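To be precise, the following lines are run-v6.txt, and they hold compact mmCIF, C-alpha atoms (C1' of nucleotides).
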# COMPACT_ATOMS: atom_id res chain seq x y z
CA MET R 30 -7.62 -7.78 -30.06
CA GLN R 31 -8.63 -4.33 -28.89
CA ILE R 32 -5.93 -2.70 -30.96
CA VAL R 33 -6.97 -4.57 -34.08
CA PHE R 34 -10.60 -3.57 -33.81
CA LYS R 35 -9.53 -0.05 -33.08
CA ALA R 36 -7.44 -0.06 -36.24
CA LEU R 37 -10.31 -1.47 -38.28
CA ASN R 38 -12.78 1.06 -36.86
CA ASP R 39 -12.08 3.73 -39.45
CA GLU R 40 -13.13 3.98 -43.06
CA VAL R 41 -9.84 5.52 -44.15
CA ARG R 42 -7.78 2.76 -42.57
CA ARG R 43 -9.98 0.06 -44.05
CA GLU R 44 -9.58 1.69 -47.44
CA ILE R 45 -5.82 1.73 -46.98
CA LEU R 46 -5.98 -2.01 -46.42
CA GLU R 47 -7.99 -2.40 -49.61
CA LEU R 48 -5.34 -0.44 -51.50
CA LEU R 49 -2.57 -2.60 -50.11
CA LYS R 50 -4.48 -5.72 -51.05
CA SER R 51 -3.53 -5.14 -54.69
CA LYS R 52 0.05 -4.14 -54.17
CA ASP R 53 2.56 -2.62 -51.80
CA LEU R 54 2.61 1.16 -51.77
CA SER R 55 4.69 3.98 -50.38
CA ALA R 56 3.25 6.29 -47.76
CA GLY R 57 2.99 9.04 -50.34
CA GLU R 58 1.20 6.88 -52.87
CA ILE R 59 -1.28 5.93 -50.19
CA ALA R 60 -1.77 9.56 -49.20
CA ASP R 61 -2.50 10.46 -52.82
CA HIS R 62 -5.65 8.35 -52.70
CA PHE R 63 -7.21 10.53 -50.04
CA ASN R 64 -8.17 14.13 -49.55
CA LEU R 65 -6.27 14.25 -46.31
CA GLY R 66 -2.97 15.66 -45.17
CA LYS R 67 0.08 13.44 -45.15
CA PRO R 68 0.46 13.67 -41.39
CA THR R 69 -3.04 12.29 -41.09
CA ILE R 70 -2.28 9.34 -43.32
CA SER R 71 0.97 8.78 -41.50
CA HIS R 72 -0.98 8.56 -38.29
CA HIS R 73 -3.41 6.06 -39.78
CA LEU R 74 -0.53 3.98 -41.05
CA ASP R 75 0.97 4.04 -37.59
CA LEU R 76 -2.22 2.64 -36.07
CA LEU R 77 -2.38 -0.07 -38.72
CA ARG R 78 1.22 -0.94 -37.97
CA GLN R 79 0.58 -1.09 -34.23
CA ALA R 80 -2.18 -3.55 -34.95
CA GLU R 81 0.22 -5.46 -37.17
CA LEU R 82 -2.24 -5.22 -40.02
CA VAL R 83 0.51 -3.73 -42.14
CA SER R 84 4.28 -3.85 -42.10
CA CYS R 85 6.69 -1.38 -43.62
CA ARG R 86 10.22 -1.28 -44.90
CA LYS R 87 12.37 1.63 -45.87
CA GLN R 88 13.43 1.78 -49.51
CA GLY R 89 15.65 4.76 -50.04
CA GLN R 90 13.70 7.81 -49.06
CA PHE R 91 10.42 5.96 -49.38
CA VAL R 92 8.62 3.84 -46.85
CA ILE R 93 6.85 0.93 -48.45
CA TYR R 94 3.82 -0.53 -46.74
CA SER R 95 2.55 -4.08 -47.10
CA ILE R 96 -0.59 -5.72 -45.81
CA GLU R 97 -0.24 -8.44 -43.19
CA THR R 98 -2.98 -10.98 -42.95
CA SER R 99 -2.05 -13.13 -39.98
CA VAL R 100 -3.73 -10.81 -37.51
CA MET R 101 -6.90 -10.94 -39.56
CA ASP R 102 -6.84 -14.68 -39.12
CA GLU R 103 -7.06 -14.14 -35.38
CA VAL R 104 -10.10 -11.97 -35.80
CA LEU R 105 -11.59 -14.45 -38.22
CA LYS R 106 -11.20 -17.20 -35.68
CA TRP R 107 -12.76 -15.03 -32.99
CA MET R 108 -15.71 -14.25 -35.18
CA MET R 109 -16.24 -17.77 -36.31
CA GLY R 110 -16.59 -18.67 -32.66
CA PHE R 111 -19.95 -16.94 -32.70
CA ARG R 112 -21.30 -19.06 -35.47
CA GLU R 113 -20.93 -22.30 -33.59
CA LYS R 114 -23.30 -22.44 -30.65
CA HIS R 115 -26.05 -20.19 -31.75
CA SER R 116 -26.47 -21.24 -35.36
CA LYS R 117 -30.08 -22.00 -36.13
CA GLU R 118 -31.29 -21.13 -39.58
CA GLN R 119 -28.48 -18.74 -40.32
CA ASN R 120 -25.09 -19.70 -41.76
CA LYS R 121 -26.32 -20.98 -45.05
CA ASN R 122 -23.83 -19.05 -47.08
CA ILE R 123 -20.52 -19.60 -45.49
CA LYS R 124 -20.82 -22.81 -43.56
CA ASN R 125 -19.43 -25.85 -45.30
CA GLN R 126 -17.48 -23.72 -47.66
CA THR R 127 -13.77 -24.17 -47.89
CA ILE R 128 -11.91 -20.94 -47.56
CA MET Y 9 -19.84 -1.88 -42.22
CA GLN Y 10 -18.75 1.21 -40.32
CA ILE Y 11 -21.42 0.72 -37.72
CA VAL Y 12 -20.47 -2.90 -37.18
CA PHE Y 13 -16.81 -2.16 -36.63
CA LYS Y 14 -17.81 0.68 -34.37
CA ALA Y 15 -19.91 -1.71 -32.34
CA LEU Y 16 -17.11 -4.25 -32.15
CA ASN Y 17 -14.57 -1.62 -31.14
CA ASP Y 18 -15.24 -1.90 -27.42
CA GLU Y 19 -14.24 -4.55 -24.95
CA VAL Y 20 -17.52 -4.34 -23.02
CA ARG Y 21 -19.59 -4.82 -26.15
CA ARG Y 22 -17.48 -7.73 -27.31
CA GLU Y 23 -17.89 -9.30 -23.90
CA ILE Y 24 -21.64 -8.83 -24.13
CA LEU Y 25 -21.56 -10.78 -27.37
CA GLU Y 26 -19.61 -13.53 -25.66
CA LEU Y 27 -22.24 -13.68 -22.93
CA LEU Y 28 -25.04 -13.91 -25.45
CA LYS Y 29 -23.21 -16.67 -27.29
CA SER Y 30 -24.19 -19.08 -24.53
CA LYS Y 31 -27.75 -17.96 -24.04
CA ASP Y 32 -30.19 -15.10 -24.35
CA LEU Y 33 -30.15 -12.68 -21.45
CA SER Y 34 -32.15 -9.78 -20.15
CA ALA Y 35 -30.63 -6.31 -20.04
CA GLY Y 36 -30.36 -6.56 -16.27
CA GLU Y 37 -28.63 -9.93 -16.36
CA ILE Y 38 -26.14 -8.53 -18.82
CA ALA Y 39 -25.57 -5.46 -16.66
CA ASP Y 40 -24.86 -7.72 -13.66
CA HIS Y 41 -21.76 -9.03 -15.40
CA PHE Y 42 -20.13 -5.62 -15.41
CA ASN Y 43 -19.11 -2.98 -12.95
CA LEU Y 44 -20.95 -0.36 -14.91
CA GLY Y 45 -24.20 1.49 -14.52
CA LYS Y 46 -27.30 0.17 -16.20
CA PRO Y 47 -27.62 3.25 -18.42
CA THR Y 48 -24.14 2.51 -19.69
CA ILE Y 49 -24.98 -1.07 -20.54
CA SER Y 50 -28.21 0.05 -22.12
CA HIS Y 51 -26.25 2.36 -24.35
CA HIS Y 52 -23.86 -0.45 -25.33
CA LEU Y 53 -26.81 -2.68 -26.12
CA ASP Y 54 -28.25 0.07 -28.26
CA LEU Y 55 -25.07 0.26 -30.34
CA LEU Y 56 -25.01 -3.49 -30.74
CA ARG Y 57 -28.61 -3.38 -31.85
CA GLN Y 58 -27.94 -0.61 -34.35
CA ALA Y 59 -25.24 -2.81 -35.82
CA GLU Y 60 -27.72 -5.68 -35.84
CA LEU Y 61 -25.29 -7.78 -33.88
CA VAL Y 62 -28.04 -8.40 -31.36
CA SER Y 63 -31.79 -8.35 -31.44
CA CYS Y 64 -34.17 -7.90 -28.55
CA ARG Y 65 -37.72 -8.74 -27.63
CA LYS Y 66 -39.83 -7.58 -24.74
CA GLN Y 67 -40.93 -10.25 -22.33
CA GLY Y 68 -43.12 -8.68 -19.70
CA GLN Y 69 -41.07 -6.08 -17.94
CA PHE Y 70 -37.85 -7.58 -19.19
CA VAL Y 71 -36.05 -7.03 -22.46
CA ILE Y 72 -34.35 -10.16 -23.68
CA TYR Y 73 -31.33 -9.84 -25.94
CA SER Y 74 -30.14 -12.41 -28.46
CA ILE Y 75 -27.03 -12.54 -30.56
CA GLU Y 76 -27.41 -12.21 -34.33
CA THR Y 77 -24.73 -13.73 -36.46
CA SER Y 78 -25.66 -12.79 -39.99
CA VAL Y 79 -23.92 -9.45 -39.80
CA MET Y 80 -20.76 -11.18 -38.63
CA ASP Y 81 -20.90 -13.23 -41.78
CA GLU Y 82 -20.62 -10.02 -43.77
CA VAL Y 83 -17.55 -9.02 -41.84
CA LEU Y 84 -16.14 -12.51 -42.22
CA LYS Y 85 -16.56 -12.28 -45.95
CA TRP Y 86 -14.92 -8.86 -46.02
CA MET Y 87 -11.97 -10.11 -44.05
CA MET Y 88 -11.54 -13.25 -46.05
CA GLY Y 89 -11.17 -11.03 -49.09
CA PHE Y 90 -7.78 -10.01 -47.77
CA ARG Y 91 -6.50 -13.52 -47.63
CA GLU Y 92 -6.91 -14.16 -51.34
CA LYS Y 93 -4.52 -12.05 -53.35
CA HIS Y 94 -1.75 -11.48 -50.93
CA SER Y 95 -1.36 -14.94 -49.44
CA LYS Y 96 2.26 -16.01 -49.52
CA GLU Y 97 3.52 -18.09 -46.65
CA GLN Y 98 0.76 -17.09 -44.28
CA ASN Y 99 -2.60 -18.82 -43.95
CA LYS Y 100 -1.32 -22.16 -42.82
CA ASN Y 101 -3.79 -22.45 -40.02
CA ILE Y 102 -7.12 -21.62 -41.45
CA LYS Y 103 -6.87 -22.23 -45.14
CA ASN Y 104 -8.34 -25.46 -46.34
CA GLN Y 105 -10.27 -25.86 -43.16
CA THR Y 106 -14.00 -26.29 -43.34
CA ILE Y 107 -15.81 -23.92 -41.09
C1' DT O 6 -54.69 2.54 -7.45
C1' DA O 7 -50.20 2.60 -5.38
C1' DG O 8 -45.72 0.76 -5.07
C1' DA O 9 -41.94 -2.00 -6.76
C1' DT O 10 -38.96 -3.59 -10.44
C1' DA O 11 -36.77 -3.34 -15.21
C1' DT O 12 -35.14 -0.57 -18.66
C1' DT O 13 -34.31 3.45 -21.27
C1' DT O 14 -33.75 8.48 -22.06
C1' DC O 15 -31.64 12.80 -20.80
C1' DG O 16 -27.95 16.05 -19.67
C1' DA O 17 -23.38 16.51 -18.39
C1' DC O 18 -18.50 15.62 -18.51
C1' DA O 19 -13.84 13.58 -19.02
C1' DA O 20 -11.11 10.90 -22.17
C1' DA O 21 -10.05 9.36 -26.74
C1' DT O 22 -9.75 10.33 -31.70
C1' DA O 23 -9.20 12.38 -36.45
C1' DT O 24 -7.55 16.12 -38.46
C1' DC O 25 -4.57 20.00 -39.59
C1' DG O 26 -0.27 23.09 -40.38
C1' DA O 27 4.32 23.80 -38.94
C1' DA O 28 8.54 21.91 -37.74
C1' DT O 29 11.75 17.96 -37.94
C1' DT O 30 14.29 14.00 -39.71
C1' DA O 31 16.14 11.33 -43.46
C1' DA O 32 17.64 10.42 -48.15
C1' DT O 33 18.60 11.99 -52.89
C1' DA O 34 20.46 14.87 -56.39
C1' DT O 35 22.65 18.91 -58.34
C1' DA C 29 27.38 21.66 -49.22
C1' DT C 30 22.78 22.85 -50.41
C1' DA C 31 18.40 22.28 -52.14
C1' DT C 32 14.64 18.99 -52.91
C1' DT C 33 11.69 15.26 -51.93
C1' DA C 34 9.54 11.78 -48.59
C1' DA C 35 7.87 10.89 -44.35
C1' DT C 36 7.19 11.52 -39.47
C1' DT C 37 6.65 14.08 -35.10
C1' DC C 38 4.65 17.89 -32.60
C1' DG C 39 1.03 20.94 -30.77
C1' DA C 40 -3.50 22.39 -31.23
C1' DT C 41 -8.47 21.75 -31.99
C1' DA C 42 -13.13 20.04 -32.95
C1' DT C 43 -15.70 15.82 -32.67
C1' DT C 44 -16.84 11.43 -30.91
C1' DT C 45 -17.25 8.23 -27.24
C1' DG C 46 -17.91 5.97 -22.63
C1' DT C 47 -19.52 6.88 -18.41
C1' DC C 48 -22.47 8.53 -14.72
C1' DG C 49 -26.73 9.98 -11.84
C1' DA C 50 -31.30 11.62 -12.18
C1' DA C 51 -35.53 11.39 -14.38
C1' DA C 52 -38.87 9.13 -17.33
C1' DT C 53 -41.37 4.99 -19.12
C1' DA C 54 -43.30 0.57 -18.83
C1' DT C 55 -44.74 -3.58 -16.57
C1' DC C 56 -45.96 -6.30 -12.76
C1' DT C 57 -48.10 -7.12 -8.07
C1' DA C 58 -50.47 -6.42 -3.83

Please rewrite the model in this file as C-alpha cells.
Amino acid sequence: MQIVFKALNDEVRREILELLKSKDLSAGEIADHFNLGKPTISHHLDLLRQAELVSCRKQGQFVIYSIETSVMDEVLKWMMGFREKHSKEQNKNIKNQTI
Amino acid sequence: MQIVFKALNDEVRREILELLKSKDLSAGEIADHFNLGKPTISHHLDLLRQAELVSCRKQGQFVIYSIETSVMDEVLKWMMGFREKHSKEQNKNIKNQTI
DNA sequence: TAGATATTTCGACAAATATCGAATTAATAT
DNA sequence: ATATTAATTCGATATTTGTCGAAATATCTA
C-alpha cells in the first residue's frame, strides 16, 4: 500500500498513468510528453512499475509500458472502507451507483 | 489532488484516518496511539486538514478531529476513471458491485 | 491570579525524493 | 564491424519531508 501511494504522490507519474490510459506507449514516447530528461522519466516509470501500476515489455529496442489496474482496485477498496461507518449526509454522488 | 495524495502518502496519516473512522478523537488521543511526539502528530493532522481529509473543532481545551470523506470521493472518481478504457480481464472483483 | 493540561508553532536536522548530465547497456541498420 | 537509436544506471545536488525538543498559546481549575 505504501509503495502505491508513494507512486501516486507525484503529478508527473499520475500524468503518465493518464497517458497510458489511452494506449500503451514506449518510454521515449512518454518522455516526449514532458519537459524532463529521459533518465527522470525512466525513474518515474520504475517507481510505477514497483507499485505494479504499470507493466512493461521489450519490443525490439523499445520498452512498451502498459497501465495495470488491479492495484488500483486495492486502493479503491481501501478508500471505500472509509465511506461505510462515517457516512452521514455525504456520499450522495457515488453511493448506489454501479461502477 | 496533489495535496490529497501527499496527505495519503504516509503510514502514520493513513492510520490516523483509520482511527477516526471509528470515532472522533482529540489530538492527544490520536497522539497516544503512536510512538511519536505530539508536535509530530500535530503536523500530520495539519496536513490531513489541508487536504480536507479531516476537520476539527475546538471543544474547551481539546481539539476534536473528525474524518471527512468527500475528498476521498474525488479520488475514488479519479481512480475509477482508469478502470474504464483499459479493462480487459481485470476488474472481476469490484465491477458490477454496488458500493 | 497562579498553576496545570492540551495543542500548536518554531528552529533544527537527518532521511527521502526529483532532477540532471554523463556513462552504460541493448538493439537496429548501414 | 561500426554507427545510431532507445533506454537505463550512476553519481551528484537541491528540495521536500518526518521527526524532535523547546517555547508559545489557549483553556481549565483551584

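Between CA of Ile93 (chain R) and CA of Val83 (chain Y) the interatomic distance comes to 27.2 Å.
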
Residue neighbourhood Ala60 (chain R), 12 Å, all atoms listed in the file, exclusion window fewer than 5 positions, as a count of residues only: 20

Near Ala36 (chain R), counting all atoms listed in the file, which residues have an atom at most 9 Å away, once you skip same-chain residues fewer than 5 positions from it, shown as a compact mmCIF listing (two decimals) with C-alpha atoms, in the frame of the given file?
# COMPACT_ATOMS: atom_id res chain seq x y z
CA GLN R 31 -8.63 -4.33 -28.89
CA ARG R 42 -7.78 2.76 -42.57
CA ARG R 43 -9.98 0.06 -44.05
CA HIS R 73 -3.41 6.06 -39.78
CA LEU R 76 -2.22 2.64 -36.07
CA LEU R 77 -2.38 -0.07 -38.72
CA ARG R 78 1.22 -0.94 -37.97
CA GLN R 79 0.58 -1.09 -34.23
CA ALA R 80 -2.18 -3.55 -34.95
CA LEU R 82 -2.24 -5.22 -40.02
CA ASN Y 17 -14.57 -1.62 -31.14

Which residues are close to region 16-18 of chain O, i.e. within 10 Å by only C-alpha atoms (C1' of nucleotides), leaving aside same-chain residues fewer than 2 positions away? Reply as a PyMOL selection string. (chain O and resi 14+20) or (chain C and resi 47-50)

Cut-off 12 Å: closest chain C/chain R atom pairs per residue, using only C-alpha atoms (C1' of nucleotides), as a Markdown table:
| residue | atom | partner | partner_atom | distance |
| --- | --- | --- | --- | --- |
| C:DT32 | C1' | R:Gln90 | CA | 11.9 |
| C:DT33 | C1' | R:Gln90 | CA | 8.2 |
| C:DA34 | C1' | R:Gln90 | CA | 5.8 |
| C:DA35 | C1' | R:Ala56 | CA | 7.4 |
| C:DT36 | C1' | R:Ser71 | CA | 7.1 |
| C:DT37 | C1' | R:Pro68 | CA | 8.8 |
| C:DC38 | C1' | R:Pro68 | CA | 10.6 |

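Between chain Y and the candidates O:DA23, O:DA7, O:DA34, O:DC15, the tightest atom-to-atom separation, counting all atoms listed in the file, involves O:DC15.
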
Separation of CA of Thr77 (chain Y) from CA of Leu49 (chain R), in Å and rounded to one decimal: 28.3 Å

What are the closest atom pairs, with distances in Å to one decimal, for each residue of chain O lying within 10 Å of chain Y, using only C-alpha atoms (C1' of nucleotides), rows by chain and rising residue number, as a tab-separated table?
residue	atom	partner	partner_atom	distance
O:DT10	C1'	Y:Gln69	CA	8.2
O:DA11	C1'	Y:Gln69	CA	5.8
O:DT12	C1'	Y:Ala35	CA	7.4
O:DT13	C1'	Y:Ser50	CA	7.0
O:DT14	C1'	Y:Pro47	CA	8.8

Selection above as a file: C-alpha atoms (C1' of nucleotides), as a PDB file, in the coordinates of the input:
ATOM      1  C1'  DT O  10     -38.960  -3.590 -10.440  1.00  0.00           C
ATOM      2  C1'  DA O  11     -36.770  -3.340 -15.210  1.00  0.00           C
ATOM      3  C1'  DT O  12     -35.140  -0.570 -18.660  1.00  0.00           C
ATOM      4  C1'  DT O  13     -34.310   3.450 -21.270  1.00  0.00           C
ATOM      5  C1'  DT O  14     -33.750   8.480 -22.060  1.00  0.00           C
TER       6       DT O  14
END

Could you extract chain O of the given structure into a file holding N, CA, C and O atoms (P, O5', C5', C4', C3', O3' and C1' of nucleotides), as a compact mmCIF listing (two decimals), in the first residue's frame?
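This went into part-v3.txt:
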# COMPACT_ATOMS: atom_id res chain seq x y z
P DT O 6 -4.96 38.29 37.01
O5' DT O 6 -3.91 38.67 38.13
C5' DT O 6 -4.34 38.57 39.55
C4' DT O 6 -3.72 37.35 40.21
C3' DT O 6 -2.58 36.73 39.39
O3' DT O 6 -1.54 36.35 40.27
C1' DT O 6 -4.24 35.10 39.80
P DA O 7 -0.08 35.93 39.75
O5' DA O 7 -0.05 34.36 40.01
C5' DA O 7 -0.40 33.86 41.31
C4' DA O 7 -0.42 32.35 41.26
C3' DA O 7 0.71 31.74 40.43
O3' DA O 7 1.21 30.59 41.11
C1' DA O 7 -1.37 31.07 39.53
P DG O 8 2.40 29.68 40.50
O5' DG O 8 1.67 28.34 40.04
C5' DG O 8 0.78 27.68 40.95
C4' DG O 8 0.09 26.53 40.22
C3' DG O 8 1.04 25.69 39.35
O3' DG O 8 0.67 24.33 39.51
C1' DG O 8 -0.71 26.51 38.03
P DA O 9 1.57 23.15 38.94
O5' DA O 9 0.53 22.39 38.01
C5' DA O 9 -0.77 22.04 38.52
C4' DA O 9 -1.65 21.62 37.36
C3' DA O 9 -0.96 20.68 36.36
O3' DA O 9 -1.80 19.58 36.09
C1' DA O 9 -1.88 22.55 35.24
P DT O 10 -1.25 18.34 35.22
O5' DT O 10 -2.10 18.50 33.88
C5' DT O 10 -3.51 18.70 33.94
C4' DT O 10 -4.03 19.03 32.55
C3' DT O 10 -3.44 18.18 31.44
O3' DT O 10 -4.50 17.72 30.62
C1' DT O 10 -3.23 20.47 30.91
P DA O 11 -4.26 16.76 29.36
O5' DA O 11 -4.43 17.78 28.15
C5' DA O 11 -5.67 18.45 27.97
C4' DA O 11 -5.66 19.16 26.63
C3' DA O 11 -5.07 18.33 25.48
O3' DA O 11 -5.92 18.47 24.35
C1' DA O 11 -3.87 20.36 25.70
P DT O 12 -5.60 17.62 23.01
O5' DT O 12 -4.75 18.68 22.17
C5' DT O 12 -5.33 19.93 21.84
C4' DT O 12 -4.32 20.87 21.25
C3' DT O 12 -3.55 20.33 20.07
O3' DT O 12 -4.12 20.86 18.88
C1' DT O 12 -2.23 21.73 21.49
P DT O 13 -3.42 20.65 17.44
O5' DT O 13 -2.45 21.91 17.34
C5' DT O 13 -2.98 23.20 17.62
C4' DT O 13 -1.88 24.24 17.59
C3' DT O 13 -1.06 24.27 16.31
O3' DT O 13 -1.03 25.61 15.86
C1' DT O 13 0.38 24.18 18.19
P DT O 14 -0.31 25.95 14.46
O5' DT O 14 1.08 26.59 14.93
C5' DT O 14 1.07 27.78 15.71
C4' DT O 14 2.51 28.18 16.05
C3' DT O 14 3.45 28.30 14.84
O3' DT O 14 4.20 29.49 15.01
C1' DT O 14 4.38 26.86 16.45
P DC O 15 5.16 29.97 13.80
O5' DC O 15 6.61 29.62 14.36
C5' DC O 15 6.91 29.89 15.73
C4' DC O 15 8.33 29.45 16.05
C3' DC O 15 9.30 29.47 14.88
O3' DC O 15 10.52 30.06 15.31
C1' DC O 15 9.30 27.33 15.89
P DG O 16 11.59 30.56 14.21
O5' DG O 16 12.78 29.52 14.47
C5' DG O 16 13.14 29.15 15.81
C4' DG O 16 14.22 28.09 15.77
C3' DG O 16 15.11 28.12 14.52
O3' DG O 16 16.44 27.82 14.91
C1' DG O 16 14.01 26.03 14.66
P DA O 17 17.60 27.64 13.82
O5' DA O 17 17.86 26.07 13.87
C5' DA O 17 17.96 25.42 15.14
C4' DA O 17 18.09 23.92 14.94
C3' DA O 17 19.03 23.51 13.81
O3' DA O 17 19.98 22.58 14.30
C1' DA O 17 16.93 22.41 13.60
P DC O 18 21.19 22.09 13.38
O5' DC O 18 20.77 20.61 12.94
C5' DC O 18 20.24 19.72 13.92
C4' DC O 18 19.76 18.46 13.23
C3' DC O 18 20.63 18.06 12.03
O3' DC O 18 20.82 16.66 12.07
C1' DC O 18 18.38 18.21 11.39
P DA O 19 22.11 16.02 11.32
O5' DA O 19 21.56 14.56 10.96
C5' DA O 19 20.71 13.87 11.89
C4' DA O 19 19.72 13.01 11.10
C3' DA O 19 20.34 12.22 9.95
O3' DA O 19 19.76 10.92 9.93
C1' DA O 19 18.64 13.64 9.12
P DA O 20 20.21 9.83 8.85
O5' DA O 20 18.93 9.74 7.90
C5' DA O 20 17.63 9.52 8.48
C4' DA O 20 16.58 9.56 7.38
C3' DA O 20 16.93 8.72 6.16
O3' DA O 20 15.78 7.99 5.77
C1' DA O 20 16.50 10.97 5.54
P DA O 21 15.80 7.09 4.44
O5' DA O 21 14.88 7.92 3.44
C5' DA O 21 13.59 8.36 3.89
C4' DA O 21 12.93 9.19 2.80
C3' DA O 21 12.91 8.54 1.42
O3' DA O 21 11.63 8.80 0.85
C1' DA O 21 13.99 10.65 1.31
P DT O 22 11.28 8.22 -0.61
O5' DT O 22 11.52 9.51 -1.51
C5' DT O 22 10.81 10.70 -1.20
C4' DT O 22 11.03 11.74 -2.29
C3' DT O 22 11.04 11.16 -3.70
O3' DT O 22 10.20 11.96 -4.50
C1' DT O 22 12.99 12.46 -3.32
P DA O 23 9.74 11.54 -5.95
O5' DA O 23 10.32 12.71 -6.85
C5' DA O 23 10.03 14.06 -6.53
C4' DA O 23 10.83 14.98 -7.42
C3' DA O 23 10.85 14.58 -8.89
O3' DA O 23 10.71 15.75 -9.69
C1' DA O 23 13.07 14.64 -8.05
P DT O 24 10.59 15.62 -11.27
O5' DT O 24 12.07 15.95 -11.75
C5' DT O 24 12.64 17.23 -11.50
C4' DT O 24 14.12 17.22 -11.67
C3' DT O 24 14.62 16.67 -13.00
O3' DT O 24 14.66 17.71 -13.96
C1' DT O 24 16.05 16.11 -11.15
P DC O 25 15.05 17.37 -15.48
O5' DC O 25 16.65 17.36 -15.48
C5' DC O 25 17.34 18.51 -14.99
C4' DC O 25 18.81 18.19 -14.86
C3' DC O 25 19.41 17.58 -16.13
O3' DC O 25 20.15 18.55 -16.83
C1' DC O 25 20.09 16.39 -14.13
P DG O 26 20.60 18.25 -18.36
O5' DG O 26 22.06 17.63 -18.21
C5' DG O 26 23.03 18.29 -17.38
C4' DG O 26 24.29 17.45 -17.31
C3' DG O 26 24.79 16.93 -18.66
O3' DG O 26 26.22 16.88 -18.61
C1' DG O 26 24.22 15.10 -17.29
P DA O 27 27.06 16.38 -19.90
O5' DA O 27 27.64 14.98 -19.41
C5' DA O 27 28.28 14.92 -18.12
C4' DA O 27 28.69 13.48 -17.84
C3' DA O 27 29.30 12.75 -19.05
O3' DA O 27 30.39 11.95 -18.61
C1' DA O 27 27.41 11.56 -18.26
P DA O 28 31.19 11.04 -19.68
O5' DA O 28 30.72 9.55 -19.30
C5' DA O 28 30.77 9.15 -17.93
C4' DA O 28 30.13 7.78 -17.79
C3' DA O 28 30.60 6.75 -18.82
O3' DA O 28 30.88 5.53 -18.16
C1' DA O 28 28.25 6.90 -18.85
P DT O 29 31.26 4.21 -19.01
O5' DT O 29 29.88 3.40 -19.09
C5' DT O 29 29.21 3.06 -17.88
C4' DT O 29 28.01 2.18 -18.19
C3' DT O 29 28.32 1.02 -19.15
O3' DT O 29 27.83 -0.19 -18.59
C1' DT O 29 26.44 2.26 -19.89
P DT O 30 28.15 -1.60 -19.31
O5' DT O 30 26.74 -2.01 -19.92
C5' DT O 30 25.59 -2.07 -19.08
C4' DT O 30 24.35 -2.25 -19.93
C3' DT O 30 24.42 -3.40 -20.94
O3' DT O 30 23.25 -4.18 -20.81
C1' DT O 30 23.72 -1.41 -21.97
P DA O 31 23.14 -5.61 -21.53
O5' DA O 31 22.16 -5.29 -22.75
C5' DA O 31 20.88 -4.72 -22.48
C4' DA O 31 20.22 -4.34 -23.78
C3' DA O 31 20.39 -5.38 -24.89
O3' DA O 31 19.10 -5.64 -25.43
C1' DA O 31 20.96 -3.23 -25.67
P DA O 32 18.87 -6.86 -26.46
O5' DA O 32 18.50 -6.09 -27.81
C5' DA O 32 17.38 -5.22 -27.79
C4' DA O 32 17.38 -4.38 -29.05
C3' DA O 32 17.46 -5.19 -30.34
O3' DA O 32 16.44 -4.75 -31.21
C1' DA O 32 19.10 -3.49 -30.32
P DT O 33 16.13 -5.51 -32.60
O5' DT O 33 16.52 -4.41 -33.69
C5' DT O 33 16.04 -3.08 -33.52
C4' DT O 33 16.78 -2.16 -34.47
C3' DT O 33 16.86 -2.69 -35.91
O3' DT O 33 16.25 -1.74 -36.76
C1' DT O 33 18.98 -1.90 -35.15
P DA O 34 16.09 -2.07 -38.33
O5' DA O 34 17.30 -1.27 -38.98
C5' DA O 34 17.59 0.07 -38.54
C4' DA O 34 18.82 0.57 -39.25
C3' DA O 34 18.92 0.10 -40.70
O3' DA O 34 19.56 1.13 -41.46
C1' DA O 34 20.80 -0.64 -39.52
P DT O 35 19.27 1.19 -43.05
O5' DT O 35 20.61 1.83 -43.61
C5' DT O 35 21.41 2.66 -42.75
C4' DT O 35 22.89 2.42 -42.99
C3' DT O 35 23.22 2.00 -44.43
O3' DT O 35 24.18 2.90 -44.96
C1' DT O 35 24.29 0.58 -42.87
